[in-house]
>>> print(open('structure-v4.cif').read())   # mmCIF, C-alpha atoms and all ligand atoms
data_my_file
#
loop_
_atom_site.label_atom_id
_atom_site.label_comp_id
_atom_site.auth_asym_id
_atom_site.auth_seq_id
_atom_site.Cartn_x
_atom_site.Cartn_y
_atom_site.Cartn_z
CA SER A 1 23.23 25.21 25.86
CA ILE A 2 26.17 26.70 27.73
CA VAL A 3 28.78 28.54 25.69
CA ASN A 4 29.94 31.53 27.75
CA VAL A 5 31.31 30.99 31.23
CA LEU A 6 32.22 33.74 33.67
CA ILE A 7 34.94 32.60 36.08
CA CYS A 8 35.04 34.93 39.07
CA GLY A 9 38.37 34.39 40.77
CA GLY A 10 39.75 32.77 37.62
CA ALA A 11 43.28 34.06 38.29
CA GLY A 12 43.55 32.03 41.50
CA TYR A 13 44.78 28.53 42.15
CA ILE A 14 41.63 26.52 41.48
CA GLY A 15 40.01 29.02 39.08
CA THR A 16 43.02 28.89 36.78
CA HIS A 17 42.77 25.11 36.42
CA MET A 18 39.06 25.56 35.64
CA LEU A 19 39.90 28.20 33.06
CA LYS A 20 42.37 25.98 31.23
CA MET A 21 39.93 23.05 31.17
CA LEU A 22 37.05 25.14 29.79
CA ALA A 23 39.21 26.90 27.22
CA LEU A 24 40.65 23.63 25.91
CA ARG A 25 37.12 22.23 25.62
CA GLY A 26 36.03 25.12 23.43
CA TYR A 27 34.06 27.29 25.87
CA GLU A 28 34.20 31.09 25.74
CA THR A 29 35.64 32.24 29.04
CA THR A 30 35.74 35.55 30.86
CA VAL A 31 37.81 35.83 34.04
CA PHE A 32 36.83 38.49 36.57
CA ASP A 33 39.42 38.86 39.31
CA ASN A 34 40.83 41.66 41.46
CA LEU A 35 44.29 40.03 41.53
CA SER A 36 44.42 40.34 45.32
CA THR A 37 45.77 36.80 45.55
CA GLY A 38 45.58 35.67 41.93
CA HIS A 39 48.09 36.08 39.12
CA ARG A 40 47.52 37.94 35.85
CA ALA A 41 50.15 35.72 34.18
CA ALA A 42 48.02 32.66 34.98
CA VAL A 43 45.13 33.92 32.82
CA ARG A 44 46.45 32.64 29.53
CA TRP A 45 43.11 31.86 27.93
CA GLY A 46 40.02 33.91 27.03
CA ARG A 47 39.03 37.37 28.20
CA PHE A 48 40.26 39.01 31.39
CA VAL A 49 38.47 41.77 33.30
CA GLU A 50 40.13 43.17 36.40
CA GLY A 51 37.57 44.03 39.06
CA ASN A 52 36.14 43.36 42.48
CA ILE A 53 32.89 41.47 43.15
CA LEU A 54 31.97 44.23 45.62
CA ASP A 55 31.85 46.66 42.69
CA ARG A 56 28.31 46.35 41.38
CA GLU A 57 28.89 48.79 38.53
CA ALA A 58 31.88 46.85 37.25
CA LEU A 59 29.79 43.66 37.32
CA ASP A 60 26.89 45.36 35.51
CA ARG A 61 29.26 46.61 32.81
CA LEU A 62 30.63 43.12 32.37
CA PHE A 63 27.19 41.51 32.05
CA VAL A 64 26.12 44.17 29.53
CA SER A 65 29.25 43.81 27.41
CA GLN A 66 29.26 40.02 27.35
CA HIS A 67 26.50 37.43 27.27
CA ILE A 68 27.07 34.94 30.12
CA ASP A 69 25.33 31.56 30.48
CA VAL A 70 26.77 30.42 33.80
CA VAL A 71 28.94 31.85 36.58
CA MET A 72 31.62 29.86 38.42
CA HIS A 73 32.44 31.69 41.61
CA PHE A 74 35.90 31.05 43.08
CA CYS A 75 36.58 34.52 44.56
CA ALA A 76 37.07 34.38 48.29
CA LEU A 77 39.41 35.13 51.09
CA SER A 78 40.26 31.66 52.38
CA GLN A 79 42.72 31.75 55.26
CA VAL A 80 41.25 30.47 58.49
CA GLY A 81 43.65 32.28 60.84
CA GLU A 82 43.25 35.60 59.05
CA SER A 83 39.46 35.22 59.21
CA VAL A 84 39.62 34.88 62.99
CA ARG A 85 41.72 38.06 63.29
CA ASP A 86 39.74 40.08 60.75
CA PRO A 87 36.17 38.77 60.45
CA TYR A 88 34.66 41.98 59.00
CA THR A 89 36.89 41.71 55.95
CA TYR A 90 35.86 38.08 55.49
CA TYR A 91 32.12 38.72 55.78
CA GLN A 92 32.41 41.80 53.56
CA ASN A 93 34.32 40.05 50.81
CA ASN A 94 32.84 36.55 50.94
CA VAL A 95 29.23 37.30 51.89
CA THR A 96 28.53 40.87 50.72
CA GLY A 97 30.71 40.33 47.65
CA THR A 98 28.78 37.20 46.70
CA VAL A 99 25.39 38.83 47.28
CA THR A 100 26.52 41.73 45.07
CA LEU A 101 27.50 39.24 42.36
CA LEU A 102 24.14 37.45 42.71
CA GLU A 103 22.24 40.74 42.39
CA ALA A 104 24.16 41.62 39.25
CA MET A 105 23.46 38.13 37.84
CA ARG A 106 19.77 38.54 38.56
CA ALA A 107 19.67 41.95 36.87
CA ALA A 108 21.35 40.40 33.84
CA ASP A 109 19.06 37.32 33.83
CA VAL A 110 21.90 34.88 34.47
CA ASN A 111 20.46 32.05 36.56
CA LYS A 112 23.16 29.39 36.93
CA LEU A 113 25.96 29.40 39.49
CA VAL A 114 28.62 26.93 40.61
CA PHE A 115 29.83 28.01 44.03
CA SER A 116 33.08 27.09 45.81
CA SER A 117 32.35 26.10 49.39
CA THR A 118 34.45 24.20 51.89
CA ALA A 119 34.62 21.35 54.38
CA ALA A 120 35.14 24.13 56.94
CA VAL A 121 31.32 24.44 57.06
CA TYR A 122 31.26 21.20 59.10
CA GLY A 123 33.49 22.47 61.92
CA VAL A 124 34.68 19.68 64.20
CA PRO A 125 33.05 16.43 63.05
CA VAL A 126 30.72 14.94 65.66
CA ASN A 127 31.81 11.38 65.01
CA GLU A 128 34.61 9.45 63.34
CA GLY A 129 34.34 8.28 59.79
CA LEU A 130 33.59 9.82 56.44
CA LEU A 131 31.72 13.12 56.28
CA SER A 132 28.65 13.20 54.09
CA GLU A 133 26.73 16.30 53.02
CA SER A 134 24.12 15.59 55.68
CA HIS A 135 26.64 15.91 58.52
CA PRO A 136 25.53 18.89 60.67
CA THR A 137 27.14 22.21 59.74
CA ASN A 138 28.76 24.13 62.58
CA PRO A 139 31.71 26.22 61.37
CA ILE A 140 34.29 27.12 64.01
CA ASN A 141 35.82 30.12 62.24
CA PRO A 142 34.58 33.16 60.26
CA TYR A 143 35.89 31.72 56.98
CA GLY A 144 33.69 28.61 57.28
CA ALA A 145 30.80 30.71 58.58
CA SER A 146 31.02 33.08 55.61
CA LYS A 147 30.78 30.15 53.18
CA LEU A 148 27.85 28.61 55.03
CA MET A 149 26.00 31.95 54.98
CA VAL A 150 26.34 32.08 51.22
CA GLU A 151 25.03 28.50 50.97
CA ARG A 152 21.90 29.68 52.77
CA VAL A 153 21.60 32.72 50.51
CA LEU A 154 21.70 30.40 47.49
CA GLU A 155 18.88 28.24 48.85
CA ASP A 156 16.75 31.33 49.48
CA ALA A 157 17.60 32.73 46.03
CA SER A 158 16.55 29.50 44.41
CA ARG A 159 13.11 29.73 46.02
CA ALA A 160 12.65 33.46 45.49
CA TYR A 161 14.24 34.05 42.08
CA GLY A 162 14.69 30.63 40.51
CA LEU A 163 18.49 30.74 40.75
CA ARG A 164 20.01 27.34 39.96
CA SER A 165 23.12 26.52 41.90
CA VAL A 166 25.58 23.81 42.75
CA ILE A 167 27.52 24.17 46.00
CA LEU A 168 30.83 22.30 46.02
CA ARG A 169 32.36 21.71 49.43
CA TYR A 170 36.07 21.16 48.82
CA PHE A 171 38.24 19.23 51.19
CA ASN A 172 42.01 19.91 50.68
CA ALA A 173 42.75 21.08 47.15
CA ALA A 174 46.27 20.12 46.12
CA GLY A 175 48.48 19.33 43.14
CA ALA A 176 48.96 21.18 39.88
CA ASP A 177 48.20 20.98 36.18
CA SER A 178 49.88 17.81 34.87
CA GLU A 179 51.42 19.74 31.96
CA GLY A 180 53.11 22.16 34.36
CA ASP A 181 51.41 25.27 32.90
CA ILE A 182 49.77 26.43 36.10
CA GLY A 183 50.00 25.64 39.81
CA GLU A 184 49.64 26.83 43.36
CA SER A 185 51.35 30.09 44.30
CA HIS A 186 50.30 31.83 47.51
CA LEU A 187 52.19 34.42 49.51
CA PRO A 188 52.39 33.70 52.37
CA GLU A 189 51.91 29.97 51.77
CA THR A 190 50.00 28.29 54.59
CA HIS A 191 49.10 24.93 53.01
CA LEU A 192 50.86 21.70 53.85
CA ILE A 193 51.91 20.25 50.49
CA PRO A 194 53.43 23.44 49.01
CA ASN A 195 55.26 24.05 52.28
CA VAL A 196 56.64 20.50 52.31
CA LEU A 197 57.86 20.98 48.73
CA ARG A 198 59.39 24.36 49.54
CA VAL A 199 61.45 22.69 52.25
CA ALA A 200 62.38 19.91 49.79
CA GLN A 201 63.86 22.67 47.63
CA GLY A 202 65.79 24.04 50.59
CA ILE A 203 63.89 27.35 50.53
CA GLY A 204 62.89 29.41 53.57
CA GLU A 205 62.02 28.44 57.12
CA PRO A 206 61.96 24.80 58.31
CA LEU A 207 58.68 22.93 58.01
CA LYS A 208 56.46 23.05 61.08
CA VAL A 209 54.21 20.13 61.95
CA PHE A 210 51.28 21.49 63.91
CA GLY A 211 50.32 19.16 66.76
CA ASN A 212 51.44 15.61 67.56
CA ASP A 213 48.86 14.59 70.15
CA TYR A 214 45.72 14.27 68.06
CA VAL A 215 43.86 11.01 68.42
CA THR A 216 44.95 9.70 65.01
CA ARG A 217 47.25 6.87 63.90
CA ASP A 218 50.43 8.96 64.37
CA GLY A 219 49.20 11.96 66.36
CA THR A 220 49.05 14.37 63.39
CA CYS A 221 45.91 15.60 61.61
CA ILE A 222 44.24 13.59 58.88
CA ARG A 223 43.08 15.42 55.75
CA ASP A 224 41.58 14.44 52.41
CA TYR A 225 43.74 15.79 49.55
CA VAL A 226 41.97 16.14 46.21
CA HIS A 227 43.67 17.07 42.96
CA VAL A 228 42.88 20.52 41.60
CA THR A 229 42.14 19.14 38.12
CA ASP A 230 39.66 16.70 39.67
CA LEU A 231 38.01 19.70 41.34
CA ALA A 232 37.84 21.47 37.99
CA GLN A 233 36.27 18.37 36.42
CA ALA A 234 33.62 18.33 39.15
CA HIS A 235 32.77 21.96 38.35
CA PHE A 236 32.46 21.00 34.73
CA GLN A 237 29.99 18.22 35.55
CA ALA A 238 28.13 20.59 37.90
CA MET A 239 27.79 23.14 35.12
CA ARG A 240 26.30 20.53 32.81
CA PHE A 241 24.02 19.34 35.62
CA LEU A 242 22.59 22.86 35.93
CA GLU A 243 21.40 22.78 32.33
CA SER A 244 18.73 20.26 33.29
CA ASN A 245 18.22 20.74 37.04
CA GLU A 246 16.60 23.51 39.05
CA GLY A 247 17.17 24.31 42.73
CA THR A 248 20.26 24.18 44.94
CA HIS A 249 22.45 21.09 45.12
CA CYS A 250 25.36 20.44 47.44
CA PHE A 251 28.28 18.01 47.01
CA ASN A 252 31.42 17.13 48.93
CA LEU A 253 34.56 16.95 46.82
CA GLY A 254 37.51 14.97 48.12
CA SER A 255 39.41 11.85 47.22
CA GLY A 256 37.58 9.93 49.93
CA LYS A 257 40.89 8.97 51.53
CA GLY A 258 42.65 10.46 54.55
CA HIS A 259 46.37 11.04 55.10
CA THR A 260 48.17 12.26 58.19
CA VAL A 261 50.68 15.10 58.01
CA MET A 262 53.47 12.56 58.62
CA GLU A 263 52.23 10.39 55.74
CA VAL A 264 52.30 13.38 53.40
CA ILE A 265 55.87 14.16 54.47
CA ALA A 266 56.92 10.52 53.96
CA ALA A 267 55.40 10.44 50.46
CA ALA A 268 57.09 13.74 49.57
CA ARG A 269 60.45 12.40 50.78
CA GLU A 270 60.13 9.46 48.39
CA ILE A 271 59.06 11.59 45.46
CA THR A 272 61.65 14.34 45.90
CA GLY A 273 64.51 12.25 47.31
CA GLN A 274 65.06 15.04 49.85
CA PRO A 275 65.20 14.63 53.65
CA ILE A 276 62.45 17.27 54.34
CA GLU A 277 63.29 18.03 57.94
CA PHE A 278 60.61 19.42 60.21
CA VAL A 279 60.13 20.83 63.67
CA ARG A 280 57.27 20.00 66.00
CA ALA A 281 55.01 22.97 66.71
CA PRO A 282 51.90 23.40 68.86
CA ARG A 283 48.48 22.63 67.45
CA ARG A 284 47.21 25.29 65.03
CA ALA A 285 44.02 26.98 66.26
CA GLY A 286 40.88 25.72 64.57
CA ASP A 287 42.32 22.49 63.13
CA PRO A 288 39.94 19.52 63.56
CA PRO A 289 41.73 16.14 64.01
CA ALA A 290 40.35 14.45 60.90
CA LEU A 291 38.37 15.53 57.82
CA VAL A 292 37.70 12.93 55.15
CA ALA A 293 34.94 13.20 52.57
CA ASP A 294 32.17 10.79 51.74
CA ILE A 295 32.03 11.49 47.99
CA ARG A 296 29.29 9.06 47.02
CA ARG A 297 26.78 11.78 46.20
CA ALA A 298 29.08 13.49 43.68
CA ILE A 299 29.85 10.09 42.14
CA GLU A 300 26.20 9.13 41.87
CA VAL A 301 24.54 12.42 40.96
CA LEU A 302 27.27 14.27 39.04
CA ASP A 303 28.85 11.13 37.56
CA TRP A 304 32.19 12.45 38.80
CA ARG A 305 35.14 10.44 40.05
CA PRO A 306 38.57 11.63 41.14
CA GLU A 307 41.28 10.45 38.75
CA PHE A 308 44.17 11.20 41.08
CA GLU A 309 43.39 8.52 43.64
CA ASP A 310 46.77 8.35 45.27
CA VAL A 311 48.21 11.25 47.25
CA ARG A 312 51.60 10.44 45.68
CA SER A 313 50.34 11.27 42.21
CA ILE A 314 48.98 14.55 43.59
CA ILE A 315 52.32 15.44 45.20
CA GLU A 316 54.16 14.51 41.98
CA THR A 317 52.23 17.08 39.95
CA ALA A 318 52.79 19.71 42.62
CA TRP A 319 56.51 18.92 42.73
CA ARG A 320 56.82 19.39 38.97
CA TRP A 321 55.25 22.84 39.28
CA HIS A 322 57.28 23.91 42.31
CA ARG A 323 60.54 23.16 40.52
CA ALA A 324 59.49 25.32 37.54
CA PRO A 325 56.77 27.82 38.50
CA HIS A 326 55.73 30.35 35.85
CA TYR A 327 54.52 32.96 38.38
N1 LIG B 1 50.05 21.71 58.46
C1 LIG B 1 51.29 21.55 59.06
N2 LIG B 1 52.31 22.40 58.65
C2 LIG B 1 52.14 23.35 57.70
C3 LIG B 1 50.86 23.50 57.08
C4 LIG B 1 49.84 22.65 57.50
O1 LIG B 1 51.49 20.71 59.92
O2 LIG B 1 53.08 24.10 57.38
C5 LIG B 1 48.95 20.80 58.84
C6 LIG B 1 47.72 21.50 59.36
O3 LIG B 1 47.78 21.68 60.75
C7 LIG B 1 46.62 20.53 58.96
C8 LIG B 1 47.14 19.91 57.66
O4 LIG B 1 48.55 20.13 57.67
O5 LIG B 1 46.51 19.49 59.89
C9 LIG B 1 46.56 20.55 56.41
O6 LIG B 1 46.65 21.95 56.53
P1 LIG B 1 46.41 22.94 55.30
O7 LIG B 1 46.70 24.35 55.79
O8 LIG B 1 47.15 22.46 54.11
O9 LIG B 1 44.86 22.79 54.96
P2 LIG B 1 43.55 22.93 55.90
O10 LIG B 1 43.22 21.52 56.32
O11 LIG B 1 43.85 23.87 57.01
O12 LIG B 1 42.54 23.46 54.94
#
>>> encode(input="structure-v4.cif", output="structure tokens", more="lines below")
Ligand code: UDP
Amino acid sequence: SIVNVLICGGAGYIGTHMLKMLALRGYETTVFDNLSTGHRAAVRWGRFVEGNILDREALDRLFVSQHIDVVMHFCALSQVGESVRDPYTYYQNNVTGTVTLLEAMRAADVNKLVFSSTAAVYGVPVNEGLLSESHPTNPINPYGASKLMVERVLEDASRAYGLRSVILRYFNAAGADSEGDIGESHLPETHLIPNVLRVAQGIGEPLKVFGNDYVTRDGTCIRDYVHVTDLAQAHFQAMRFLESNEGTHCFNLGSGKGHTVMEVIAAAREITGQPIEFVRAPRRAGDPPALVADIRRAIEVLDWRPEFEDVRSIIETAWRWHRAPHY
């Protein structure tokens, strides 16, 4: 059974929440992270190894020094706009880096992987309604394309080498640890909820709302916000699933509910008691009008269910963190 978990990218936003969950449940954890966007101070549990997934020798040293049962792979560059401006860096890091990690795993006889993918693999949905895993994939930016390429690599690796993998396609990760230990901290911050809360604190530039002429109930984009601890719980179930299942398996992870940008702002106003003023800005390149997950497969197959069902409860945990961040 699984004892030792390697968390690549375990110093980042989602990886850190995974780390805390595994550590508190008694697993032996090793975080491998180059700290390009992660935080050393967030790795408060288990072993930490600083390194880059493009560095095969560093990975080989790690696998020799430490027995690993399963790898959770959160390392990636993940900004859509940056990926459009600098695609080589995205393909190098996200695709070549992952293939390097997979080669090192194979050499070390580690055959289980939980991989962080994204709703960006779907591109612009072809019809309205919830997106299931069988919706056609057609990424519209290099970030989404890099994730989809890795998904294909994992399918091929399963056939060729017997790699077992679970691909988790996240919708919009949000919120923070309910005890306030860890949270979201990006520089620059591009995501909606942390930017709304920054403005609630009176910090920095005014909030921009990108686009007001989408064909949605109020003209702003609809997204599916899923709590980061619910994401971590899904990884946990995926890891257990790999103990008894071969092949490659793909699941959407969201809350199954959509909220417009204006609805998020309204909820944050209630929670913070602050006015949260905003300015209208043009549409942001590459933003589809609506992305909401059909999560039935994860519920049925992984026996997972999001506990933070209401976007308010997600914003509340984020607000607690933003008022008292530790890093
Ligand atoms: N958004 C916005 N202002 C911001 C950040 C985001 O209006 O400062 C909008 C963005 O256009 C999108 C939604 O909020 O419609 C969610 O964006 P985010 O960057 O959080 O996640 P994404 O959906 O791009 O992964």
>>> closest_residue(input="structure-v4.cif", among="A:Ser255, A:Thr317, A:Gln201, A:Ser185", to="Asp224 (chain A)", atoms="only C-alpha atoms")
A:Ser255
>>> residues_near_ligand(input="structure-v4.cif", ligand="ligand LIG 1 (chain B)", cutoff="10 Å", atoms="all atoms listed in the file", output="PyMOL selection string")
chain A and resi 78-81+118-120+170-174+189-196+199+205-212+214+220-225+259-262+264-265+278-291
>>> closest_residue(input="structure-v4.cif", among="A:Gly129, A:Gly219, A:Gly9, A:Pro306", to="Thr98 (chain A)", atoms="all atoms listed in the file")
A:Gly9
>>> closest_residue(input="structure-v4.cif", among="A:Ile271, A:Met239, A:Ile276, A:Ile68", to="Leu302 (chain A)", atoms="only C-alpha atoms")
A:Met239
>>> residues_near_point(input="structure-v4.cif", point="(38.8, 10.9, 43.0)", cutoff="7 Å", atoms="all atoms listed in the file", output="PyMOL selection string")
chain A and resi 226+230+254-255+305-309
>>> residues_around(input="structure-v4.cif", residues="Thr30 (chain A)", least_positions_apart="4", cutoff="12 Å", atoms="only C-alpha atoms", output="ChimeraX atom specification")
/A:3-11,15-16,18-20,22-23,43-51,59,62-63,65-73
>>> closest_residue(input="structure-v4.cif", among="A:Ser116, A:Asn252, A:Ser83, A:Asn245", to="Glu300 (chain A)", atoms="all atoms listed in the file")
A:Asn252
>>> closest_residue(input="structure-v4.cif", among="A:Ser313, A:Asn52, A:Asn34, A:Asn127", to="Leu101 (chain A)", atoms="only C-alpha atoms")
A:Asn52
>>> atom_distance(input="structure-v4.cif", atom1="CA of Ala238 (chain A)", atom2="CA of Ser134 (chain A)")
18.9 Å
>>> axis_aligned_box(input="structure-v4.cif", around="region 307-322 of chain A", padding_each_side="4 Å", output="lines of an AutoDock Vina configuration file")
center_x = 49.3
center_y = 16.1
center_z = 43.0
size_x = 24.0
size_y = 23.6
size_z = 16.5
>>> atom_distance(input="structure-v4.cif", atom1="CA of His186 (chain A)", atom2="CA of Gly38 (chain A)")
8.3 Å
>>> atom_distance(input="structure-v4.cif", atom1="CA of Leu54 (chain A)", atom2="CA of Ser158 (chain A)")
21.4 Å
>>> residues_near_point(input="structure-v4.cif", point="(30.8, 19.1, 64.6)", cutoff="10 Å", atoms="all atoms listed in the file", output="ChimeraX atom specification")
/A:121-127,135-140,288
>>> closest_residue(input="structure-v4.cif", among="A:Thr96, A:Thr29, A:Ser178, A:Ser1", to="His227 (chain A)", atoms="all atoms listed in the file")
A:Ser178
>>> residues_around(input="structure-v4.cif", residues="region 154-156 of chain A", least_positions_apart="5", cutoff="12 Å", atoms="all atoms listed in the file", output="NGL selection string")
:A and (95 or 98-99 or 101-103 or 111-117 or 147-149 or 161-167 or 246-250)
>>> build_atoms(input="structure-v4.cif", residues="region 150-161 of chain A", atoms="N, CA and C atoms", output="tab-separated table (two decimals), keeping the file's coordinate frame")
chain	number	residue	atom	x	y	z
A	150	VAL	N	26.63	31.99	52.66
A	150	VAL	CA	26.34	32.08	51.22
A	150	VAL	C	25.52	30.86	50.78
A	151	GLU	N	25.83	29.69	51.32
A	151	GLU	CA	25.03	28.50	50.97
A	151	GLU	C	23.55	28.76	51.26
A	152	ARG	N	23.28	29.38	52.40
A	152	ARG	CA	21.90	29.68	52.77
A	152	ARG	C	21.28	30.71	51.82
A	153	VAL	N	22.08	31.71	51.46
A	153	VAL	CA	21.60	32.72	50.51
A	153	VAL	C	21.19	32.03	49.20
A	154	LEU	N	21.99	31.07	48.76
A	154	LEU	CA	21.70	30.40	47.49
A	154	LEU	C	20.40	29.61	47.55
A	155	GLU	N	20.15	28.96	48.70
A	155	GLU	CA	18.88	28.24	48.85
A	155	GLU	C	17.71	29.21	48.78
A	156	ASP	N	17.83	30.34	49.49
A	156	ASP	CA	16.75	31.33	49.48
A	156	ASP	C	16.55	31.91	48.08
A	157	ALA	N	17.67	32.14	47.37
A	157	ALA	CA	17.60	32.73	46.03
A	157	ALA	C	16.97	31.76	45.04
A	158	SER	N	17.18	30.48	45.28
A	158	SER	CA	16.55	29.50	44.41
A	158	SER	C	15.02	29.57	44.55
A	159	ARG	N	14.56	29.65	45.79
A	159	ARG	CA	13.11	29.73	46.02
A	159	ARG	C	12.52	31.05	45.52
A	160	ALA	N	13.21	32.15	45.81
A	160	ALA	CA	12.65	33.46	45.49
A	160	ALA	C	12.79	33.84	44.02
A	161	TYR	N	13.95	33.53	43.43
A	161	TYR	CA	14.24	34.05	42.08
A	161	TYR	C	14.50	32.96	41.05
